[in-house]
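Undergrad: My structure is in final-v2.txt, and what it holds is compact mmCIF, C-alpha atoms:
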```
# COMPACT_ATOMS: atom_id res chain seq x y z
CA MET A 24 -22.00 21.43 -8.28
CA ARG A 25 -19.75 22.08 -11.23
CA ALA A 26 -17.22 23.71 -8.92
CA PHE A 27 -17.36 20.65 -6.70
CA PHE A 28 -16.40 18.37 -9.58
CA GLU A 29 -13.71 20.75 -10.84
CA VAL A 30 -12.00 21.36 -7.47
CA HIS A 31 -13.08 19.02 -4.70
CA LEU A 32 -13.64 15.74 -6.48
CA ARG A 33 -10.38 15.79 -8.41
CA LEU A 34 -8.38 16.54 -5.28
CA VAL A 35 -10.27 13.93 -3.26
CA ILE A 36 -9.77 11.24 -5.91
CA THR A 37 -6.05 12.03 -6.05
CA VAL A 38 -5.72 11.66 -2.28
CA TRP A 39 -7.78 8.46 -2.38
CA VAL A 40 -5.48 6.93 -5.02
CA ILE A 41 -2.43 7.76 -2.89
CA LEU A 42 -4.19 6.33 0.17
CA VAL A 43 -5.02 3.07 -1.64
CA SER A 44 -1.40 2.72 -2.75
CA VAL A 45 -0.08 3.24 0.78
CA LEU A 46 -2.59 0.88 2.38
CA GLY A 47 -1.92 -1.77 -0.28
CA LEU A 48 1.79 -1.56 0.46
CA LEU A 49 1.16 -1.83 4.20
CA TYR A 50 -1.11 -4.83 3.61
CA LEU A 51 1.61 -6.60 1.63
CA MET A 52 4.29 -5.75 4.19
CA ASN A 53 2.17 -6.98 7.10
CA TYR A 54 1.38 -10.23 5.32
CA MET A 55 5.03 -10.84 4.52
CA LYS A 56 5.91 -10.03 8.12
CA PHE A 57 3.34 -12.55 9.34
CA ASP A 58 4.68 -15.19 6.95
CA SER A 59 8.20 -14.59 8.26
CA LEU A 60 6.95 -14.74 11.84
CA MET A 61 5.14 -18.03 11.26
CA SER A 62 8.20 -19.51 9.58
CA GLY A 63 10.28 -18.43 12.55
CA VAL A 64 7.87 -20.00 15.05
CA VAL A 65 7.77 -23.30 13.15
CA SER A 66 11.53 -23.24 12.70
CA SER A 67 12.02 -22.78 16.44
CA LYS A 68 9.88 -25.84 17.16
CA LEU A 69 11.77 -27.92 14.62
CA ASP A 70 15.12 -26.75 16.04
CA VAL A 71 14.13 -28.20 19.41
CA ILE A 72 13.32 -31.53 17.77
CA SER A 73 16.55 -31.60 15.76
CA SER A 74 18.64 -30.74 18.85
CA SER A 75 17.15 -33.59 20.87
CA LEU A 76 17.65 -36.05 17.99
CA ASP A 77 21.23 -34.87 17.44
CA THR A 78 22.11 -35.92 20.97
CA SER A 79 20.76 -39.42 20.31
CA ILE A 80 22.62 -39.59 16.97
CA GLN A 81 25.92 -38.72 18.63
CA ARG A 82 25.32 -41.41 21.26
CA VAL A 83 24.73 -44.03 18.56
CA GLU A 84 27.89 -42.93 16.72
CA ARG A 85 29.98 -43.27 19.87
CA LEU A 86 28.65 -46.78 20.40
CA GLY A 87 29.42 -47.68 16.78
CA ILE A 88 25.91 -49.06 16.15
CA PRO A 89 24.58 -48.86 12.55
CA TYR A 90 21.72 -46.39 12.29
CA HIS A 91 19.28 -48.89 10.79
CA SER A 92 19.96 -51.24 13.70
CA ALA A 93 19.54 -48.65 16.46
CA GLU A 94 15.97 -49.36 17.55
CA ASN A 95 16.03 -46.69 20.25
CA LEU A 96 17.10 -44.06 17.72
CA LYS A 97 14.35 -45.01 15.31
CA GLU A 98 11.82 -44.94 18.15
CA GLN A 99 12.96 -41.44 19.07
CA PHE A 100 12.58 -40.39 15.42
CA ILE A 101 9.00 -41.70 15.45
CA GLN A 102 8.17 -39.94 18.70
CA ALA A 103 9.70 -36.69 17.46
CA ARG A 104 7.64 -36.84 14.25
CA GLN A 105 4.46 -37.53 16.19
CA ARG A 106 5.17 -34.56 18.46
CA GLU A 107 4.30 -32.22 15.57
CA GLU A 108 1.40 -33.51 13.49
CA ASN A 109 2.41 -31.39 10.49
CA VAL A 110 5.87 -32.96 10.25
CA SER A 111 5.82 -35.13 7.13
CA SER A 112 9.15 -36.87 7.65
CA ILE A 113 12.44 -36.86 9.53
CA THR A 114 15.45 -38.03 7.57
CA LEU A 115 19.10 -38.56 8.41
CA ILE A 116 21.44 -38.38 5.41
CA ASP A 117 25.17 -38.97 5.07
CA ALA A 118 27.79 -36.71 3.50
CA LYS A 119 26.85 -37.99 0.02
CA GLY A 120 23.12 -37.27 0.43
CA ASN A 121 22.07 -40.90 0.90
CA ALA A 122 19.25 -41.54 3.39
CA LEU A 123 20.50 -43.46 6.41
CA LEU A 124 17.29 -43.37 8.44
CA GLN A 125 13.85 -41.98 7.76
CA VAL A 126 10.46 -41.99 9.47
CA SER A 127 7.35 -40.54 7.81
CA LYS A 128 3.58 -40.56 8.09
CA ASN A 129 3.47 -43.32 5.50
CA GLU A 130 5.93 -45.84 6.91
CA GLN A 131 5.73 -48.02 3.80
CA GLN A 132 6.89 -45.29 1.44
CA LEU A 133 10.27 -43.56 1.50
CA LEU A 134 9.90 -39.86 0.80
CA ALA A 135 12.42 -38.47 -1.65
CA ILE A 136 14.29 -35.39 -0.52
CA PRO A 137 14.67 -32.70 -3.24
CA GLU A 138 18.17 -32.13 -4.55
CA ASP A 139 18.05 -28.46 -3.60
CA VAL A 140 17.34 -29.41 0.00
CA ILE A 141 20.19 -31.92 0.11
CA ARG A 142 22.55 -29.37 -1.41
CA ARG A 143 21.49 -26.82 1.18
CA ALA A 144 21.84 -29.33 4.01
CA LEU A 145 25.41 -30.30 3.10
CA SER A 146 26.76 -26.95 1.88
CA SER A 147 25.30 -24.55 4.41
CA ASN A 148 27.82 -22.44 6.30
CA GLU A 149 25.69 -22.67 9.43
CA PRO A 150 24.99 -25.95 11.29
CA ARG A 151 21.31 -25.03 11.48
CA TRP A 152 19.72 -24.33 8.13
CA LEU A 153 16.29 -23.64 6.68
CA TYR A 154 14.80 -24.11 3.22
CA SER A 155 11.25 -23.21 2.22
CA ASP A 156 9.09 -23.42 -0.90
CA ASP A 157 5.40 -22.86 -1.51
CA ASN A 158 4.18 -26.00 0.23
CA GLN A 159 7.05 -27.41 2.31
CA LEU A 160 9.42 -26.14 4.96
CA PHE A 161 12.67 -28.02 5.48
CA SER A 162 14.63 -27.49 8.66
CA GLY A 163 17.76 -29.32 9.63
CA LEU A 164 20.92 -29.64 11.63
CA GLN A 165 24.25 -30.75 10.25
CA THR A 166 26.02 -33.67 11.96
CA PHE A 167 29.79 -33.87 12.37
CA GLY A 168 32.15 -36.81 12.73
CA ASP A 169 35.82 -37.08 13.52
CA TYR A 170 38.03 -34.00 13.22
CA GLY A 171 34.97 -31.80 12.91
CA ARG A 172 34.17 -32.93 9.38
CA ILE A 173 30.54 -32.89 8.31
CA SER A 174 29.15 -36.42 8.27
CA GLY A 175 25.63 -35.63 7.11
CA SER A 176 22.56 -33.73 8.14
CA LEU A 177 19.25 -34.20 9.88
CA ILE A 178 16.32 -33.08 7.71
CA ILE A 179 12.83 -32.37 9.08
CA GLN A 180 10.13 -31.86 6.46
CA TYR A 181 7.15 -29.73 7.57
CA ASP A 182 3.89 -29.50 5.61
CA LYS A 183 3.02 -25.81 5.24
CA THR A 184 -0.37 -26.53 3.65
CA ALA A 185 -1.70 -27.22 7.12
CA LEU A 186 -1.19 -23.52 7.86
CA TYR A 187 -3.14 -22.30 4.85
CA GLY A 188 -6.27 -21.93 6.96
CA VAL A 189 -4.40 -19.68 9.36
CA TYR A 190 -2.93 -17.70 6.47
CA ALA A 191 -6.39 -17.28 4.91
CA THR A 192 -7.81 -16.02 8.22
CA VAL A 193 -4.96 -13.55 8.63
CA ARG A 194 -5.38 -12.30 5.05
CA LEU A 195 -9.09 -11.81 5.67
CA HIS A 196 -8.51 -9.85 8.88
CA LEU A 197 -5.82 -7.73 7.24
CA LEU A 198 -8.14 -7.01 4.31
CA GLU A 199 -11.01 -6.08 6.63
CA ALA A 200 -8.77 -3.76 8.65
CA THR A 201 -7.41 -2.19 5.46
CA VAL A 202 -10.89 -1.57 4.06
CA VAL A 203 -12.14 -0.05 7.34
CA ILE A 204 -9.09 2.22 7.58
CA PHE A 205 -9.55 3.29 3.97
CA LEU A 206 -13.25 4.09 4.40
CA LEU A 207 -12.69 6.10 7.58
CA THR A 208 -9.71 7.96 6.16
CA ALA A 209 -11.47 8.56 2.85
CA LEU A 210 -14.43 10.09 4.70
CA ILE A 211 -12.14 12.33 6.74
CA VAL A 212 -10.27 13.42 3.61
CA PHE A 213 -13.56 14.18 1.85
CA LEU A 214 -14.82 16.32 4.74
CA VAL A 215 -11.50 18.14 5.16
CA VAL A 216 -11.27 18.94 1.47
CA ARG A 217 -14.96 19.84 1.28
CA ILE A 218 -14.69 22.28 4.19
CA GLY A 219 -11.14 23.51 3.69
CA PHE A 220 -11.56 24.27 -0.02
CA SER A 221 -15.11 25.60 0.16
CA ASP A 222 -13.91 29.19 -0.42
CA VAL A 223 -12.07 28.13 -3.56
CA ALA A 224 -15.22 26.51 -4.89
CA ASN A 225 -17.25 29.61 -3.99
CA VAL A 226 -14.79 31.84 -5.85
CA MET A 227 -15.08 29.62 -8.93
CA THR A 228 -18.86 29.74 -8.60
CA LEU A 229 -18.73 33.54 -8.46
CA ILE A 230 -16.58 33.62 -11.59
CA GLN A 231 -19.02 31.36 -13.41
CA ARG A 232 -22.00 33.47 -12.35
CA TYR A 233 -20.24 36.66 -13.28
CA SER A 234 -19.33 35.23 -16.68
CA SER A 235 -22.96 34.26 -17.24
CA GLY A 236 -24.09 37.86 -16.57
CA ASP A 237 -25.18 37.63 -12.93
CA LYS A 238 -24.12 40.95 -11.35
CA HIS A 239 -25.76 40.42 -7.94
CA LEU A 240 -22.96 38.58 -6.15
CA ASP A 241 -22.72 40.14 -2.67
CA SER A 242 -25.97 38.63 -1.41
CA ARG A 243 -24.92 35.04 -2.21
CA VAL A 244 -21.65 34.78 -0.27
CA ALA A 245 -20.79 34.28 3.38
CA VAL A 246 -19.65 37.30 5.39
CA GLY A 247 -15.91 37.38 6.08
CA SER A 248 -15.03 34.68 3.54
CA MET A 249 -12.56 34.83 0.70
CA SER A 250 -15.45 34.73 -1.75
CA GLN A 251 -16.88 37.89 -0.15
CA SER A 252 -13.58 39.70 -0.72
CA PHE A 253 -13.54 38.49 -4.29
CA ALA A 254 -17.14 39.59 -4.79
CA GLU A 255 -16.28 43.01 -3.32
CA GLN A 256 -13.40 43.35 -5.76
CA ILE A 257 -15.71 42.44 -8.63
CA ARG A 258 -18.23 45.04 -7.41
CA GLN A 259 -15.56 47.71 -7.14
CA SER A 260 -14.27 46.90 -10.61
CA GLU A 261 -17.83 47.16 -11.93
CA GLU A 262 -18.24 50.57 -10.25
CA MET A 263 -14.95 51.74 -11.73
CA LYS A 264 -16.00 50.44 -15.10
CA ALA A 265 -19.31 52.27 -14.79
CA GLN A 266 -17.54 55.50 -13.81
CA VAL A 267 -15.18 55.20 -16.74
CA ASN A 268 -18.10 54.60 -19.09
CA GLU A 269 -19.91 57.63 -17.68
CA GLU A 270 -16.83 59.77 -18.10
CA LEU A 271 -16.38 58.56 -21.66
CA GLU A 272 -20.02 59.29 -22.43
CA ARG A 273 -19.67 62.76 -20.89
CA LEU A 274 -16.58 63.46 -22.96
CA GLN A 275 -18.29 62.17 -26.09
CA ALA A 276 -21.33 64.37 -25.39
CA LEU A 277 -19.07 67.39 -24.81
CA SER A 278 -17.25 66.65 -28.03
CA ARG A 279 -20.50 66.45 -29.96
CA GLN A 280 -21.67 69.72 -28.38
CA MET A 281 -18.44 71.41 -29.36
CA ASP A 282 -18.80 70.10 -32.89
CA ARG A 283 -22.33 71.50 -33.12
CA SER A 284 -21.11 74.86 -31.82
CA ASP A 285 -18.40 74.93 -34.46
CA ASP A 286 -20.95 74.10 -37.17
CA ILE A 287 -23.24 76.91 -36.01
CA ALA A 288 -20.34 79.36 -35.91
CA LYS A 289 -19.32 78.38 -39.42
CA GLN A 290 -22.88 78.86 -40.70
CA ASP A 291 -23.09 82.33 -39.07
CA ASN A 292 -19.81 83.32 -40.72
CA LYS A 293 -21.07 82.20 -44.09
CA THR A 294 -24.32 84.22 -43.62
CA GLU A 295 -22.39 87.38 -42.73
CA VAL A 296 -20.16 86.99 -45.77
CA MET A 297 -23.12 86.65 -48.07
CA LYS A 298 -24.63 89.84 -46.67
```
Could you express the structure from this file as structure tokens?
TA:
Amino acid sequence: MRAFFEVHLRLVITVWVILVSVLGLLYLMNYMKFDSLMSGVVSSKLDVISSSLDTSIQRVERLGIPYHSAENLKEQFIQARQREENVSSITLIDAKGNALLQVSKNEQQLLAIPEDVIRRALSSNEPRWLYSDDNQLFSGLQTFGDYGRISGSLIIQYDKTALYGVYATVRLHLLEATVVIFLLTALIVFLVVRIGFSDVANVMTLIQRYSSGDKHLDSRVAVGSMSQSFAEQIRQSEEMKAQVNEELERLQALSRQMDRSDDIAKQDNKTEVMK
């Protein structure tokens, strides 16, 4: 168990951390991709509305009828707004940013257009433009008068809060898919590491047992494994160590015997001299 915590668990946790980072990045990228896709879909719908209204605006300009007096144009604005229930207002502004004609859900209240939107509508390099914030999406089409000069812009305001339910559902599904993928992958990683690094753990276990004084290692390892080879090397080193110790003991015994023989010889010489 100690070898499991020292080898397997550390490696598994490291892989899990990397996996969480990758899946978190994929979750964020997919959500941003969905947000861009939804904005594109809504923008396409609003472009159709602005194109149809631009044709009516050009017709009114050719007839020289003031916008506020063109009942047919206002009726078309109302119908266009009602075509998309999330459209808050449709506004036609002139080159100075003044509202020439506007229809909204609340007909009695004129909705103010943010300065950033007006600036974008009149300074965009493209006739069709798009501006988005946290709650609103503004889509428009620039209008042109004589000599191709910009005369104003058509601004369609779309309420993005109506899509929050869809966004919440998508986030939930993405989170569920991410969690499921993580759990399955984490299990696979755990099993692969557990099986693939089992020999490493067994070798560490053998080292720990050997350090604790357990000399019977061969009977506790699998045949043909790396741990068996390691145990065999330990056994051979123990045999060599035992042989060396035996040889040292033999040499020490021989040395002691030679010392005793020398002592006896010296005593015999002393006895002969005394005689």
Undergrad: For Met52 in chain A, which residue among A:Arg194, A:Lys119, A:Arg33, A:Arg106 is the nearest when counting only C-alpha atoms?
TA: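 For Met52 in chain A, the nearest of the given residues is A:Arg194.
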Undergrad: What gap, in Å, lies between CA of Leu32 in chain A and CA of Leu214 in chain A?
TA: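 Interatomic distance here is 11.3 Å.
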Undergrad: Quick one, how far is CA of Ser73 in chain A from CA of Tyr190 in chain A?
TA: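 So the two atoms, CA of Ser73 in chain A and CA of Tyr190 in chain A, lie 25.7 Å apart.
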Undergrad: Which of these residues is nearest to Leu206 in chain A, using only C-alpha atoms: A:Phe57, A:Ser278, A:Ile113, A:Leu42?
TA: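 Nearest to Leu206 in chain A: A:Leu42.
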Undergrad: Could you tell me which of A:Gly120, A:Gly47, A:Pro89, A:Pro137 comes closest to Leu177 in chain A if we count all atoms listed in the file?
TA: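 Distance minimum relative to Leu177 in chain A lands on A:Gly120.
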Undergrad: Work out how far CA of Ala144 in chain A is from CA of Ser67 in chain A, in Å to one decimal.
TA: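 About the pair CA of Ser67 in chain A and CA of Ala144 in chain A: they are 17.1 Å apart.
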Undergrad: Given the choices A:Thr208, A:Ser74, A:Ser111, A:Gln280, which gets closest to Gly163 in chain A if the distance is worked out from all atoms listed in the file?
TA: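 With all atoms listed in the file as the atom set, the closest residue is A:Ser74.
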Undergrad: Of the residues A:Val193, A:Leu145, A:Val212, A:Val65, which is the one nearest to Ile41 in chain A, using all atoms listed in the file?
TA: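 Using all atoms listed in the file, Ile41 in chain A sits closest to A:Val212.
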Undergrad: Quick one: residues within 12 Å of (-1.2, -28.8, 7.1) (file frame), counting only C-alpha atoms, please, as a list in words.
TA: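 Those within range, by chain then number, are Glu107, Glu108, Asn109, Val110, Ser111, Asn158, Gln159, Leu160, Gln180, Tyr181, Asp182, Lys183, Thr184, Ala185, Leu186, Tyr187, Gly188, Val189 and Tyr190 of chain A.
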Undergrad: Please list as a ChimeraX atom specification every residue within 10 Å of Val43 in chain A, counting only C-alpha atoms and excluding residues in the same chain fewer than 5 positions away.
TA: /A:38,48-49,201-202,205,209
Undergrad: Would you export the selected residues with C-alpha atoms as a compact mmCIF listing (two decimals), keeping the file's coordinate frame, please?
TA:
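The resulting result-v3.txt:
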```txt
# COMPACT_ATOMS: atom_id res chain seq x y z
CA VAL A 38 -5.72 11.66 -2.28
CA LEU A 48 1.79 -1.56 0.46
CA LEU A 49 1.16 -1.83 4.20
CA THR A 201 -7.41 -2.19 5.46
CA VAL A 202 -10.89 -1.57 4.06
CA PHE A 205 -9.55 3.29 3.97
CA ALA A 209 -11.47 8.56 2.85
```
Undergrad: Enumerate, as a list of chain:residue names, the protein, DNA and RNA residues whose atoms approach (26.3, -43.0, 6.8) to within 8 Å, taking into account only C-alpha atoms and the coordinate frame of the file.
TA: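 The answer, in the requested form, is A:Tyr90, A:Ile116, A:Asp117, A:Ala118, A:Asn121, A:Ala122, A:Leu123, A:Ser174, A:Gly175.
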Undergrad: For Asp139 in chain A, work out the shell of residues within 12 Å, counting only C-alpha atoms and skipping chain neighbours fewer than 6 positions away, then give it as number ranges by chain.
TA: A: 120, 145-147, 153-156, 161
Undergrad: When distances are computed from only C-alpha atoms, which of A:Ser92, A:Thr114, A:Gln102, A:Ser260 shows the smallest separation from Gln165 in chain A?
TA: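 Checking each of A:Ser92, A:Thr114, A:Gln102, A:Ser260 against Gln165 in chain A, counting only C-alpha atoms, the winner is A:Thr114.
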